[in-house]
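What follows is a short report on a single structure.
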Amino acid sequence: MVVAKKIVLVRQCQGFPKESDFELVEEELPPLKENEYLAEAVYLSVDPYMRGYMPRVKPNTTMYGTQVAKIVESRSLKFPVGQYVLGPFGWRTHTVVPENGPTYVGMETYLLPDFQGLPISLALGVLGMPGNTALFGLLELCQPKAGETVVVSGAAGAVGSHAGQIAKIKGCIVIGIAGSDEKGKWLTEELGFDYFINYKTQNVEEELRKAAPQGVDCYYDNVGGEITTTVLNQMNAFGRVALSGSISSYNSIGPFKVTTPNLTIVLQQLKLEGFIVTRWNHRWMEGIQQNLQWIQQGKLKYRETVTEGFENIFKAFTDMLEGVNVGKAIVKV
């Protein structure tokens, strides 16, 4: 008999999540049926999108999310014991999984490919959903060209730091916007960003004009809100915008109000496109292999902020929402 621990959402959050919105419970798992396997969580992911999707979670159900898990028992030939799997199993320690699933908001379950000696935790970051979000969102939607100026908001997070580095690989001038000078030092000194703007202590509009006197060609947006309005107002004609997230509004109560520069969008003929990375599920492994190659070539760097212990996942989640993490935030079970 296997007893799983899981975190359930007992009520919808009003504003910023509170620990009382969640509850740790135990669940006795049934014996495996044919074509099922038992997955034991090794690493769990905490991501900004989770807060945006929380209103879709029914009360008293397991909080969703992806994890890297080890197959410890199996009645499936496709998922043998000892292999590692990436799956949207949620905030839980053990899961009985059918070999044809599950999926959640388009995220699929799959055996980890060969990372050639790199940590398996990267399947939750640079070699997983955040990495593909950065790669496909930037290259397919923004289509940056060498010499163009690219701005990335939420630049020190898993997606933003990755997107900015890809822009540098493509020969662009890259400006990162984040919330601390420590993050800015990492972006410019280690990752190769050309400029950094601290939105908490600097005037973003003024600093952006200094960093991009010729205007902005591409904007990879992870935050939304007034920062996005500021960037849009300084974009060049035919600029391209990839709308990847809206961190600034996830914890809002009631309608989130922001100034939309419609006239700038029209006159500058800007192209704005929101996206969910699962539209490229058919190219998922292609994205992973490209990011793996860039890491091996020394062109792509990463950082993980690791929280120890399943019971600390709520703290890891809220720290991530407050921007405490640098790079990818994960929980080691």
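All residue names refer to the structure tokens as shown: chains lettered A, B, ... in order, residues numbered from 1 in each chain, ligands numbered from 1 in order.
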
Tell me, as a PDB file with C-alpha atoms, in the first residue's frame, which residues lie within 8 Å of A:Pro102, counting only C-alpha atoms; anything in the same chain fewer than 6 positions away does not count.
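Saved to out05.pdb:
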```
ATOM      1  CA  GLY A  87       4.036  14.824 -16.133  1.00  0.00           C
ATOM      2  CA  PRO A  88       1.336  17.288 -15.034  1.00  0.00           C
ATOM      3  CA  PHE A  89       0.588  15.250 -11.891  1.00  0.00           C
ATOM      4  CA  GLU A 108       1.599  16.129 -21.956  1.00  0.00           C
ATOM      5  CA  THR A 109       3.302  13.292 -20.089  1.00  0.00           C
TER       6      THR A 109
END
```

Using only C-alpha atoms, what does the table of stretch 190-299 of chain A residues within 12 Å of stretch 111-124 of chain A look like, with each row giving the shortest atom pair and its distance in Å to one decimal, sorted by chain and ascending number, as a Markdown table?
```
| residue | atom | partner | partner_atom | distance |
| --- | --- | --- | --- | --- |
| A:Trp284 | CA | A:Pro113 | CA | 11.2 |
| A:Met285 | CA | A:Pro113 | CA | 8.3 |
| A:Glu286 | CA | A:Pro113 | CA | 11.3 |
| A:Gly287 | CA | A:Ala123 | CA | 11.9 |
| A:Ile288 | CA | A:Ala123 | CA | 8.8 |
| A:Gln289 | CA | A:Phe115 | CA | 8.9 |
| A:Gln290 | CA | A:Phe115 | CA | 11.7 |
| A:Asn291 | CA | A:Phe115 | CA | 10.6 |
| A:Leu292 | CA | A:Phe115 | CA | 7.4 |
| A:Gln293 | CA | A:Phe115 | CA | 10.1 |
| A:Ile295 | CA | A:Leu118 | CA | 9.6 |
| A:Gln296 | CA | A:Gln116 | CA | 9.4 |
```

Just to be explicit: take each residue in the selection above, keep N, CA, C and O atoms, and write the result as a compact mmCIF listing (two decimals), in the first residue's frame.
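Output contents, as saved in selection-v3.txt:
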```txt
# COMPACT_ATOMS: atom_id res chain seq x y z
N TRP A 284 7.97 19.73 -29.60
CA TRP A 284 8.47 19.82 -28.22
C TRP A 284 9.91 19.33 -28.11
O TRP A 284 10.77 20.01 -27.54
N MET A 285 10.18 18.14 -28.63
CA MET A 285 11.54 17.58 -28.52
C MET A 285 12.54 18.36 -29.37
O MET A 285 13.71 18.46 -29.01
N GLU A 286 12.08 18.94 -30.45
CA GLU A 286 12.94 19.81 -31.25
C GLU A 286 13.44 20.99 -30.42
O GLU A 286 14.63 21.35 -30.45
N GLY A 287 12.54 21.59 -29.65
CA GLY A 287 12.91 22.70 -28.80
C GLY A 287 13.90 22.28 -27.71
O GLY A 287 14.88 22.98 -27.44
N ILE A 288 13.63 21.14 -27.08
CA ILE A 288 14.54 20.64 -26.05
C ILE A 288 15.93 20.39 -26.62
O ILE A 288 16.95 20.76 -26.01
N GLN A 289 16.00 19.78 -27.77
CA GLN A 289 17.29 19.46 -28.37
C GLN A 289 18.06 20.74 -28.75
O GLN A 289 19.28 20.80 -28.60
N GLN A 290 17.34 21.75 -29.22
CA GLN A 290 18.01 23.01 -29.56
C GLN A 290 18.58 23.68 -28.31
O GLN A 290 19.73 24.15 -28.30
N ASN A 291 17.78 23.72 -27.25
CA ASN A 291 18.26 24.32 -26.01
C ASN A 291 19.42 23.53 -25.42
O ASN A 291 20.37 24.11 -24.88
N LEU A 292 19.35 22.21 -25.51
CA LEU A 292 20.44 21.36 -25.03
C LEU A 292 21.73 21.66 -25.80
O LEU A 292 22.82 21.77 -25.21
N GLN A 293 21.62 21.81 -27.10
CA GLN A 293 22.79 22.11 -27.93
C GLN A 293 23.40 23.45 -27.53
O GLN A 293 24.63 23.58 -27.41
N ILE A 295 23.27 24.90 -24.62
CA ILE A 295 23.94 24.74 -23.33
C ILE A 295 25.31 24.10 -23.53
O ILE A 295 26.32 24.55 -22.98
N GLN A 296 25.35 23.04 -24.33
CA GLN A 296 26.61 22.34 -24.57
C GLN A 296 27.63 23.23 -25.27
O GLN A 296 28.84 23.08 -25.06
```

How would you write, as an mmCIF file with N, CA, C and O atoms, in the first residue's frame, the set of residues in stretch 126-273 of chain A that DSSP gives as helix (DSSP H, G or I)?
```cif
data_model
loop_
_atom_site.group_PDB
_atom_site.id
_atom_site.type_symbol
_atom_site.label_atom_id
_atom_site.label_comp_id
_atom_site.auth_asym_id
_atom_site.auth_seq_id
_atom_site.Cartn_x
_atom_site.Cartn_y
_atom_site.Cartn_z
ATOM 1 N N MET A 129 9.235 23.066 -20.271
ATOM 2 C CA MET A 129 8.232 24.045 -20.648
ATOM 3 C C MET A 129 8.751 25.479 -20.676
ATOM 4 O O MET A 129 8.542 26.198 -21.674
ATOM 5 N N PRO A 130 9.454 25.970 -19.638
ATOM 6 C CA PRO A 130 9.951 27.349 -19.717
ATOM 7 C C PRO A 130 10.926 27.571 -20.880
ATOM 8 O O PRO A 130 10.882 28.614 -21.546
ATOM 9 N N GLY A 131 11.794 26.586 -21.113
ATOM 10 C CA GLY A 131 12.739 26.717 -22.221
ATOM 11 C C GLY A 131 12.049 26.785 -23.563
ATOM 12 O O GLY A 131 12.413 27.602 -24.426
ATOM 13 N N ASN A 132 11.053 25.942 -23.751
ATOM 14 C CA ASN A 132 10.321 25.972 -25.016
ATOM 15 C C ASN A 132 9.445 27.218 -25.136
ATOM 16 O O ASN A 132 9.231 27.734 -26.242
ATOM 17 N N THR A 133 8.935 27.700 -24.008
ATOM 18 C CA THR A 133 8.166 28.944 -24.024
ATOM 19 C C THR A 133 9.031 30.094 -24.526
ATOM 20 O O THR A 133 8.604 30.904 -25.355
ATOM 21 N N ALA A 134 10.257 30.159 -24.022
ATOM 22 C CA ALA A 134 11.175 31.208 -24.460
ATOM 23 C C ALA A 134 11.553 31.042 -25.922
ATOM 24 O O ALA A 134 11.514 32.002 -26.708
ATOM 25 N N LEU A 135 11.903 29.830 -26.311
ATOM 26 C CA LEU A 135 12.396 29.582 -27.668
ATOM 27 C C LEU A 135 11.325 29.838 -28.716
ATOM 28 O O LEU A 135 11.515 30.641 -29.639
ATOM 29 N N PHE A 136 10.185 29.167 -28.579
ATOM 30 C CA PHE A 136 9.158 29.303 -29.613
ATOM 31 C C PHE A 136 8.490 30.680 -29.572
ATOM 32 O O PHE A 136 8.188 31.265 -30.620
ATOM 33 N N GLY A 137 8.261 31.198 -28.370
ATOM 34 C CA GLY A 137 7.631 32.507 -28.273
ATOM 35 C C GLY A 137 8.469 33.592 -28.914
ATOM 36 O O GLY A 137 7.962 34.448 -29.657
ATOM 37 N N LEU A 138 9.784 33.549 -28.659
ATOM 38 C CA LEU A 138 10.655 34.580 -29.223
ATOM 39 C C LEU A 138 10.879 34.380 -30.721
ATOM 40 O O LEU A 138 10.694 35.307 -31.525
ATOM 41 N N LEU A 139 11.267 33.168 -31.108
ATOM 42 C CA LEU A 139 11.664 32.952 -32.500
ATOM 43 C C LEU A 139 10.475 32.895 -33.455
ATOM 44 O O LEU A 139 10.572 33.369 -34.592
ATOM 45 N N GLU A 140 9.362 32.334 -33.019
ATOM 46 C CA GLU A 140 8.219 32.202 -33.921
ATOM 47 C C GLU A 140 7.370 33.467 -33.983
ATOM 48 O O GLU A 140 6.823 33.803 -35.036
ATOM 49 N N LEU A 141 7.255 34.179 -32.866
ATOM 50 C CA LEU A 141 6.373 35.346 -32.834
ATOM 51 C C LEU A 141 7.137 36.656 -33.009
ATOM 52 O O LEU A 141 6.753 37.505 -33.810
ATOM 53 N N CYS A 142 8.214 36.836 -32.252
ATOM 54 C CA CYS A 142 8.990 38.077 -32.397
ATOM 55 C C CYS A 142 9.892 38.058 -33.623
ATOM 56 O O CYS A 142 10.139 39.097 -34.231
ATOM 57 N N ALA A 158 12.687 32.221 -15.115
ATOM 58 C CA ALA A 158 13.090 31.093 -15.952
ATOM 59 C C ALA A 158 12.896 31.381 -17.434
ATOM 60 O O ALA A 158 13.775 31.087 -18.254
ATOM 61 N N VAL A 159 11.761 31.959 -17.790
ATOM 62 C CA VAL A 159 11.466 32.225 -19.201
ATOM 63 C C VAL A 159 12.205 33.462 -19.703
ATOM 64 O O VAL A 159 12.826 33.455 -20.761
ATOM 65 N N GLY A 160 12.146 34.542 -18.935
ATOM 66 C CA GLY A 160 12.751 35.785 -19.379
ATOM 67 C C GLY A 160 14.250 35.701 -19.566
ATOM 68 O O GLY A 160 14.794 36.198 -20.561
ATOM 69 N N SER A 161 14.942 35.074 -18.614
ATOM 70 C CA SER A 161 16.399 34.960 -18.725
ATOM 71 C C SER A 161 16.785 34.117 -19.929
ATOM 72 O O SER A 161 17.818 34.357 -20.574
ATOM 73 N N HIS A 162 15.955 33.154 -20.251
ATOM 74 C CA HIS A 162 16.199 32.270 -21.396
ATOM 75 C C HIS A 162 15.939 33.016 -22.710
ATOM 76 O O HIS A 162 16.757 32.975 -23.642
ATOM 77 N N ALA A 163 14.816 33.727 -22.770
ATOM 78 C CA ALA A 163 14.466 34.456 -23.989
ATOM 79 C C ALA A 163 15.525 35.497 -24.330
ATOM 80 O O ALA A 163 15.903 35.668 -25.501
ATOM 81 N N GLY A 164 16.021 36.194 -23.308
ATOM 82 C CA GLY A 164 17.039 37.203 -23.560
ATOM 83 C C GLY A 164 18.324 36.613 -24.112
ATOM 84 O O GLY A 164 18.966 37.199 -24.993
ATOM 85 N N GLN A 165 18.697 35.447 -23.607
ATOM 86 C CA GLN A 165 19.919 34.808 -24.117
ATOM 87 C C GLN A 165 19.753 34.351 -25.562
ATOM 88 O O GLN A 165 20.695 34.429 -26.356
ATOM 89 N N ILE A 166 18.568 33.869 -25.909
ATOM 90 C CA ILE A 166 18.339 33.481 -27.301
ATOM 91 C C ILE A 166 18.430 34.705 -28.207
ATOM 92 O O ILE A 166 18.998 34.642 -29.306
ATOM 93 N N ALA A 167 17.899 35.832 -27.743
ATOM 94 C CA ALA A 167 18.006 37.064 -28.528
ATOM 95 C C ALA A 167 19.464 37.446 -28.742
ATOM 96 O O ALA A 167 19.850 37.912 -29.828
ATOM 97 N N LYS A 168 20.301 37.244 -27.720
ATOM 98 C CA LYS A 168 21.732 37.515 -27.882
ATOM 99 C C LYS A 168 22.357 36.544 -28.881
ATOM 100 O O LYS A 168 23.201 36.939 -29.697
ATOM 101 N N ILE A 169 21.969 35.274 -28.819
ATOM 102 C CA ILE A 169 22.474 34.300 -29.783
ATOM 103 C C ILE A 169 22.154 34.739 -31.211
ATOM 104 O O ILE A 169 22.950 34.535 -32.132
ATOM 105 N N ASP A 181 18.869 44.865 -8.191
ATOM 106 C CA ASP A 181 20.178 45.074 -8.800
ATOM 107 C C ASP A 181 20.977 43.778 -8.845
ATOM 108 O O ASP A 181 21.815 43.586 -9.741
ATOM 109 N N GLU A 182 20.740 42.884 -7.875
ATOM 110 C CA GLU A 182 21.411 41.581 -7.892
ATOM 111 C C GLU A 182 21.037 40.807 -9.154
ATOM 112 O O GLU A 182 21.893 40.213 -9.816
ATOM 113 N N LYS A 183 19.754 40.839 -9.480
ATOM 114 C CA LYS A 183 19.311 40.181 -10.708
ATOM 115 C C LYS A 183 19.915 40.849 -11.931
ATOM 116 O O LYS A 183 20.328 40.178 -12.891
ATOM 117 N N GLY A 184 19.975 42.156 -11.907
ATOM 118 C CA GLY A 184 20.545 42.875 -13.033
ATOM 119 C C GLY A 184 22.008 42.548 -13.258
ATOM 120 O O GLY A 184 22.467 42.428 -14.402
ATOM 121 N N LYS A 185 22.736 42.369 -12.168
ATOM 122 C CA LYS A 185 24.148 41.994 -12.278
ATOM 123 C C LYS A 185 24.284 40.624 -12.927
ATOM 124 O O LYS A 185 25.165 40.407 -13.768
ATOM 125 N N TRP A 186 23.408 39.701 -12.538
ATOM 126 C CA TRP A 186 23.420 38.363 -13.146
ATOM 127 C C TRP A 186 23.126 38.444 -14.639
ATOM 128 O O TRP A 186 23.806 37.826 -15.467
ATOM 129 N N LEU A 187 22.121 39.233 -14.998
ATOM 130 C CA LEU A 187 21.732 39.348 -16.401
ATOM 131 C C LEU A 187 22.846 39.928 -17.264
ATOM 132 O O LEU A 187 23.135 39.413 -18.349
ATOM 133 N N THR A 188 23.472 40.985 -16.795
ATOM 134 C CA THR A 188 24.466 41.670 -17.627
ATOM 135 C C THR A 188 25.853 41.036 -17.558
ATOM 136 O O THR A 188 26.552 40.942 -18.574
ATOM 137 N N GLU A 189 26.251 40.594 -16.363
ATOM 138 C CA GLU A 189 27.617 40.089 -16.208
ATOM 139 C C GLU A 189 27.758 38.617 -16.563
ATOM 140 O O GLU A 189 28.828 38.182 -17.000
ATOM 141 N N GLU A 190 26.687 37.835 -16.360
ATOM 142 C CA GLU A 190 26.782 36.399 -16.640
ATOM 143 C C GLU A 190 26.043 35.978 -17.902
ATOM 144 O O GLU A 190 26.522 35.128 -18.650
ATOM 145 N N VAL A 204 11.264 53.529 -15.570
ATOM 146 C CA VAL A 204 11.415 52.634 -16.720
ATOM 147 C C VAL A 204 11.371 53.410 -18.027
ATOM 148 O O VAL A 204 12.171 53.159 -18.944
ATOM 149 N N GLU A 205 10.467 54.365 -18.135
ATOM 150 C CA GLU A 205 10.355 55.134 -19.372
ATOM 151 C C GLU A 205 11.645 55.869 -19.695
ATOM 152 O O GLU A 205 12.151 55.804 -20.821
ATOM 153 N N GLU A 206 12.220 56.542 -18.698
ATOM 154 C CA GLU A 206 13.441 57.311 -18.931
ATOM 155 C C GLU A 206 14.631 56.395 -19.223
ATOM 156 O O GLU A 206 15.423 56.661 -20.143
ATOM 157 N N GLU A 207 14.760 55.324 -18.449
ATOM 158 C CA GLU A 207 15.895 54.424 -18.626
ATOM 159 C C GLU A 207 15.823 53.688 -19.964
ATOM 160 O O GLU A 207 16.847 53.419 -20.597
ATOM 161 N N LEU A 208 14.611 53.373 -20.400
ATOM 162 C CA LEU A 208 14.469 52.682 -21.680
ATOM 163 C C LEU A 208 14.863 53.594 -22.832
ATOM 164 O O LEU A 208 15.492 53.142 -23.808
ATOM 165 N N ARG A 209 14.542 54.869 -22.739
ATOM 166 C CA ARG A 209 14.949 55.813 -23.796
ATOM 167 C C ARG A 209 16.472 55.920 -23.866
ATOM 168 O O ARG A 209 17.045 56.088 -24.950
ATOM 169 N N LYS A 210 17.129 55.836 -22.712
ATOM 170 C CA LYS A 210 18.592 55.883 -22.700
ATOM 171 C C LYS A 210 19.190 54.613 -23.314
ATOM 172 O O LYS A 210 20.152 54.673 -24.087
ATOM 173 N N ALA A 211 18.605 53.457 -22.947
ATOM 174 C CA ALA A 211 19.153 52.179 -23.412
ATOM 175 C C ALA A 211 18.818 51.907 -24.875
ATOM 176 O O ALA A 211 19.578 51.221 -25.568
ATOM 177 N N GLY A 225 0.686 44.935 -17.576
ATOM 178 C CA GLY A 225 0.574 46.139 -16.762
ATOM 179 C C GLY A 225 1.216 47.360 -17.385
ATOM 180 O O GLY A 225 1.415 47.458 -18.603
ATOM 181 N N GLU A 226 1.568 48.315 -16.524
ATOM 182 C CA GLU A 226 2.087 49.586 -17.008
ATOM 183 C C GLU A 226 3.472 49.466 -17.627
ATOM 184 O O GLU A 226 3.858 50.298 -18.461
ATOM 185 N N ILE A 227 4.240 48.452 -17.217
ATOM 186 C CA ILE A 227 5.545 48.261 -17.864
ATOM 187 C C ILE A 227 5.355 47.982 -19.348
ATOM 188 O O ILE A 227 6.071 48.521 -20.200
ATOM 189 N N THR A 228 4.366 47.152 -19.651
ATOM 190 C CA THR A 228 4.092 46.852 -21.056
ATOM 191 C C THR A 228 3.651 48.096 -21.816
ATOM 192 O O THR A 228 4.090 48.343 -22.947
ATOM 193 N N THR A 229 2.809 48.908 -21.201
ATOM 194 C CA THR A 229 2.393 50.160 -21.837
ATOM 195 C C THR A 229 3.596 51.039 -22.141
ATOM 196 O O THR A 229 3.715 51.612 -23.236
ATOM 197 N N THR A 230 4.512 51.120 -21.194
ATOM 198 C CA THR A 230 5.711 51.945 -21.372
ATOM 199 C C THR A 230 6.552 51.451 -22.539
ATOM 200 O O THR A 230 7.026 52.244 -23.371
ATOM 201 N N VAL A 231 6.744 50.142 -22.625
ATOM 202 C CA VAL A 231 7.564 49.586 -23.709
ATOM 203 C C VAL A 231 6.881 49.782 -25.057
ATOM 204 O O VAL A 231 7.520 50.182 -26.043
ATOM 205 N N LEU A 232 5.604 49.512 -25.130
ATOM 206 C CA LEU A 232 4.877 49.654 -26.396
ATOM 207 C C LEU A 232 4.999 51.072 -26.944
ATOM 208 O O LEU A 232 5.119 51.269 -28.168
ATOM 209 N N ILE A 247 2.201 38.567 -15.070
ATOM 210 C CA ILE A 247 2.462 38.425 -13.642
ATOM 211 C C ILE A 247 1.883 39.578 -12.839
ATOM 212 O O ILE A 247 1.408 39.399 -11.712
ATOM 213 N N SER A 248 1.877 40.773 -13.404
ATOM 214 C CA SER A 248 1.430 41.948 -12.657
ATOM 215 C C SER A 248 -0.042 41.880 -12.269
ATOM 216 O O SER A 248 -0.472 42.577 -11.340
ATOM 217 N N SER A 249 -0.834 41.055 -12.955
ATOM 218 C CA SER A 249 -2.274 41.032 -12.696
ATOM 219 C C SER A 249 -2.763 39.756 -12.025
ATOM 220 O O SER A 249 -3.938 39.661 -11.661
ATOM 221 N N ASN A 262 -3.538 52.230 -27.583
ATOM 222 C CA ASN A 262 -4.091 51.820 -28.875
ATOM 223 C C ASN A 262 -3.562 52.643 -30.039
ATOM 224 O O ASN A 262 -3.284 52.113 -31.118
ATOM 225 N N LEU A 263 -3.425 53.952 -29.827
ATOM 226 C CA LEU A 263 -2.974 54.804 -30.920
ATOM 227 C C LEU A 263 -1.559 54.433 -31.354
ATOM 228 O O LEU A 263 -1.265 54.363 -32.551
ATOM 229 N N THR A 264 -0.683 54.153 -30.387
ATOM 230 C CA THR A 264 0.683 53.729 -30.715
ATOM 231 C C THR A 264 0.660 52.415 -31.494
ATOM 232 O O THR A 264 1.384 52.261 -32.488
ATOM 233 N N ILE A 265 -0.174 51.488 -31.051
ATOM 234 C CA ILE A 265 -0.254 50.191 -31.721
ATOM 235 C C ILE A 265 -0.689 50.363 -33.168
ATOM 236 O O ILE A 265 -0.142 49.730 -34.088
ATOM 237 N N VAL A 266 -1.644 51.251 -33.372
ATOM 238 C CA VAL A 266 -2.149 51.483 -34.738
ATOM 239 C C VAL A 266 -1.116 52.216 -35.587
ATOM 240 O O VAL A 266 -0.761 51.778 -36.692
ATOM 241 N N LEU A 267 -0.626 53.338 -35.085
ATOM 242 C CA LEU A 267 0.270 54.165 -35.893
ATOM 243 C C LEU A 267 1.606 53.480 -36.158
ATOM 244 O O LEU A 267 2.190 53.661 -37.241
#
```

- Task: Find the residues around A:Gly215 up to 6 Å (only C-alpha atoms counted), leave out those fewer than 3 positions away in its own chain, and share them as a VMD selection string.
- Result: chain A and resid 212 234 to 236

Give me a file of those residues, with N, CA, C and O atoms, as a CSV table (one decimal), in the first residue's frame.
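Resulting contents of out.csv:
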```
chain,number,residue,atom,x,y,z
A,212,ALA,N,17.7,52.4,-25.3
A,212,ALA,CA,17.2,52.2,-26.7
A,212,ALA,C,16.8,53.5,-27.4
A,212,ALA,O,15.7,53.7,-27.7
A,234,GLN,N,7.4,52.9,-26.9
A,234,GLN,CA,8.7,53.2,-27.4
A,234,GLN,C,9.1,52.2,-28.5
A,234,GLN,O,10.3,52.1,-28.9
A,235,MET,N,8.2,51.6,-29.1
A,235,MET,CA,8.5,50.6,-30.1
A,235,MET,C,8.5,51.2,-31.5
A,235,MET,O,7.8,52.2,-31.8
A,236,ASN,N,9.3,50.6,-32.4
A,236,ASN,CA,9.5,51.1,-33.8
A,236,ASN,C,8.3,50.6,-34.6
A,236,ASN,O,7.6,49.6,-34.2
```
